[in-house]
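This report concerns only the one structure given below.
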Amino acid sequence: RPTQSTVRRSRGRVLGQAESVRLLDAWPPRGRILVETALFSGLRISELLGLIWADIDFAAGLIRVRAQLSRAHRGEPAHRVAPKTPTSVREVPLVPQLSDRLAAHRRATPFAAPTDWVFVTSRRTPFRERNVARRVLKKAADATGLNDDGRAPLRFHDLRHTFASHLIVDLGLDVAQVSRILGHASMTITLDVYTHLFDDARQGPASKLVPE
């Protein structure tokens with residue numbers, strides 16, 4: 001069971017509507033869809049980067065999480081591996097707004113086969129986690145002032161926290177539903193990390209994650 005100090009570290013930051021829009025506007029156009037998918041799905045960065053087009057079920061309105069991207073090592077490129085826990089294998093609702101943008105992204109890319117990466121470089125390789133999380137995200141957050149005022153630097157995982165806030169505060173989902181969508185190993189983890197959000201939800205509705 002995580003300790004209280006672990007829970008405090010895990011809370012991270014939750015972006016408000018205006019902050020989410022500012023971050024999206026500052027992100028390079030080529031990678032903006034990656035941030036939109038994170039904000040609207042709550043997938044972990046390794047799960048996002050491990051997506052192939054076969055995982056996106058447009059007809060059913062689902063993102064089927066079946067794998068994650070491994071870390072690249074010398075002599076061994078990054079590749080799809082099994083998720084860390086059985087509960088990480090799940091189906092995440094694909095909201096219409098994100099579905100439309102992913103469909104447009106697929107039409108625009110030359111790498112649109114079922115086995116191609118959703119988020120792909122010009123060399124047909126997946127994006128590297130280090131580049132996305134540490135370089136591009138930091139640059140966008142710095143440019144929009146999201147790392148100002150003595151706040152902890154924005155992490156890619158904070159986009160997952162922002163999505164969780166949307167599920168709990170805006171949509172009013174219960175702990176079992178949130179835990180299933182996020183792919184937590186247990187509901188205890190969901191409660192430990194997001195107790196403060198469930199408390200907020202009892203206080204009344206919040207603003208939407210991003211405008212429609």
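Here's how to read the names in the structure tokens: chain A, B, ... by the order shown, residue numbers from 1 in each chain, ligand numbers from 1 in the order shown.
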List as JSON lines every residue of segment 80-168 of chain A that is in contact with segment 37-58 of chain A, defined as an atom at most 6 Å from one of its atoms (using only C-alpha atoms), together with the nearest atom pair and the distance in Å rounded to one decimal, sorted by chain and then rising number.
```
{"residue": "A:Arg80", "atom": "CA", "partner": "A:Gly50", "partner_atom": "CA", "distance": 5.9}
{"residue": "A:Pro114", "atom": "CA", "partner": "A:Ala54", "partner_atom": "CA", "distance": 4.6}
{"residue": "A:Thr115", "atom": "CA", "partner": "A:Ile52", "partner_atom": "CA", "distance": 5.6}
{"residue": "A:Asp116", "atom": "CA", "partner": "A:Ile52", "partner_atom": "CA", "distance": 5.4}
{"residue": "A:Trp117", "atom": "CA", "partner": "A:Ile52", "partner_atom": "CA", "distance": 4.3}
{"residue": "A:Val118", "atom": "CA", "partner": "A:Ile52", "partner_atom": "CA", "distance": 5.1}
{"residue": "A:Leu159", "atom": "CA", "partner": "A:Leu39", "partner_atom": "CA", "distance": 5.5}
{"residue": "A:Arg160", "atom": "CA", "partner": "A:Gly42", "partner_atom": "CA", "distance": 4.3}
{"residue": "A:Phe163", "atom": "CA", "partner": "A:Gly42", "partner_atom": "CA", "distance": 5.3}
```
All strand (DSSP E or B) positions in chain A, as number ranges by chain
A: 52, 56-57, 62-65, 68-69, 73, 76, 80-81, 90-93, 117, 120, 126
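Interatomic distance, atom CA of Leu69 of chain A to atom CA of Arg151 of chain A: 29.6 Å.
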If you run DSSP over the backbone, which residues in segment 14-94 of chain A end up alpha helix (DSSP H)? Put them as a list in words.
Gln17, Ala18, Glu19, Ser20, Val21, Arg22, Leu23, Leu24, Asp25, Ala26, Arg32, Ile33, Leu34, Val35, Glu36, Thr37, Ala38, Leu39, Phe40, Ser41, Ile45, Ser46, Glu47, Leu48 and Leu49 of chain A
Would you mind exporting the chosen residues as a short mmCIF file (atom, residue, chain, number, x, y, z; two decimals), in the first residue's frame, restricted to N, CA, C and O atoms?
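Saved to again.cif:
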```cif
data_model
loop_
_atom_site.label_atom_id
_atom_site.label_comp_id
_atom_site.auth_asym_id
_atom_site.auth_seq_id
_atom_site.Cartn_x
_atom_site.Cartn_y
_atom_site.Cartn_z
N GLN A 17 -8.98 24.25 -17.59
CA GLN A 17 -9.35 24.36 -19.00
C GLN A 17 -8.42 25.31 -19.74
O GLN A 17 -7.90 24.99 -20.81
N ALA A 18 -8.21 26.51 -19.19
CA ALA A 18 -7.38 27.51 -19.87
C ALA A 18 -5.94 27.02 -20.00
O ALA A 18 -5.29 27.24 -21.03
N GLU A 19 -5.44 26.35 -18.96
CA GLU A 19 -4.06 25.84 -19.01
C GLU A 19 -3.92 24.75 -20.06
O GLU A 19 -2.91 24.68 -20.77
N SER A 20 -4.93 23.88 -20.17
CA SER A 20 -4.89 22.81 -21.17
C SER A 20 -4.84 23.40 -22.58
O SER A 20 -4.08 22.94 -23.44
N VAL A 21 -5.66 24.42 -22.82
CA VAL A 21 -5.69 25.06 -24.14
C VAL A 21 -4.36 25.73 -24.44
O VAL A 21 -3.83 25.63 -25.55
N ARG A 22 -3.78 26.40 -23.46
CA ARG A 22 -2.48 27.05 -23.66
C ARG A 22 -1.40 26.03 -23.98
O ARG A 22 -0.56 26.25 -24.87
N LEU A 23 -1.42 24.90 -23.30
CA LEU A 23 -0.42 23.87 -23.56
C LEU A 23 -0.58 23.31 -24.97
O LEU A 23 0.40 23.14 -25.70
N LEU A 24 -1.81 23.04 -25.38
CA LEU A 24 -2.06 22.52 -26.72
C LEU A 24 -1.62 23.52 -27.79
O LEU A 24 -1.02 23.14 -28.80
N ASP A 25 -1.89 24.79 -27.56
CA ASP A 25 -1.53 25.81 -28.55
C ASP A 25 -0.02 25.96 -28.68
O ASP A 25 0.48 26.32 -29.76
N ALA A 26 0.72 25.67 -27.61
CA ALA A 26 2.17 25.84 -27.63
C ALA A 26 2.89 24.61 -28.16
O ALA A 26 4.07 24.67 -28.51
N ARG A 32 0.85 17.66 -31.53
CA ARG A 32 -0.30 18.09 -30.74
C ARG A 32 -1.30 16.97 -30.50
O ARG A 32 -1.89 16.87 -29.42
N ILE A 33 -1.50 16.09 -31.47
CA ILE A 33 -2.46 15.01 -31.32
C ILE A 33 -2.07 14.08 -30.18
O ILE A 33 -2.92 13.48 -29.52
N LEU A 34 -0.77 13.97 -29.91
CA LEU A 34 -0.31 13.14 -28.80
C LEU A 34 -0.81 13.70 -27.47
O LEU A 34 -1.29 12.97 -26.60
N VAL A 35 -0.71 15.02 -27.31
CA VAL A 35 -1.16 15.66 -26.07
C VAL A 35 -2.69 15.58 -25.96
O VAL A 35 -3.23 15.33 -24.88
N GLU A 36 -3.38 15.79 -27.06
CA GLU A 36 -4.83 15.68 -27.05
C GLU A 36 -5.26 14.28 -26.63
O GLU A 36 -6.21 14.11 -25.85
N THR A 37 -4.58 13.27 -27.14
CA THR A 37 -4.92 11.89 -26.79
C THR A 37 -4.67 11.63 -25.31
O THR A 37 -5.46 10.97 -24.64
N ALA A 38 -3.57 12.18 -24.79
CA ALA A 38 -3.28 12.02 -23.36
C ALA A 38 -4.36 12.68 -22.51
O ALA A 38 -4.85 12.09 -21.53
N LEU A 39 -4.77 13.88 -22.87
CA LEU A 39 -5.76 14.61 -22.08
C LEU A 39 -7.14 13.96 -22.15
O LEU A 39 -7.92 14.04 -21.19
N PHE A 40 -7.46 13.32 -23.27
CA PHE A 40 -8.79 12.75 -23.44
C PHE A 40 -8.85 11.25 -23.18
O PHE A 40 -9.94 10.65 -23.28
N SER A 41 -7.74 10.62 -22.85
CA SER A 41 -7.75 9.17 -22.60
C SER A 41 -7.11 8.78 -21.28
O SER A 41 -7.41 7.71 -20.74
N ILE A 45 2.27 7.41 -20.59
CA ILE A 45 3.06 7.76 -21.76
C ILE A 45 3.55 6.52 -22.50
O ILE A 45 3.57 6.49 -23.74
N SER A 46 3.92 5.48 -21.78
CA SER A 46 4.39 4.26 -22.43
C SER A 46 3.26 3.59 -23.21
O SER A 46 3.48 2.98 -24.26
N GLU A 47 2.02 3.72 -22.72
CA GLU A 47 0.87 3.16 -23.42
C GLU A 47 0.54 3.98 -24.67
O GLU A 47 0.22 3.41 -25.72
N LEU A 48 0.62 5.29 -24.56
CA LEU A 48 0.38 6.15 -25.71
C LEU A 48 1.37 5.87 -26.84
O LEU A 48 0.99 5.70 -28.00
N LEU A 49 2.65 5.85 -26.47
CA LEU A 49 3.69 5.67 -27.49
C LEU A 49 3.66 4.26 -28.07
O LEU A 49 4.18 4.03 -29.16
#
```
Quick check, in Å to one decimal: how far apart do atom CA of Gln68 of chain A and atom CA of Ala82 of chain A lie?
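Atom CA of Gln68 of chain A sits 6.3 Å away from atom CA of Ala82 of chain A.
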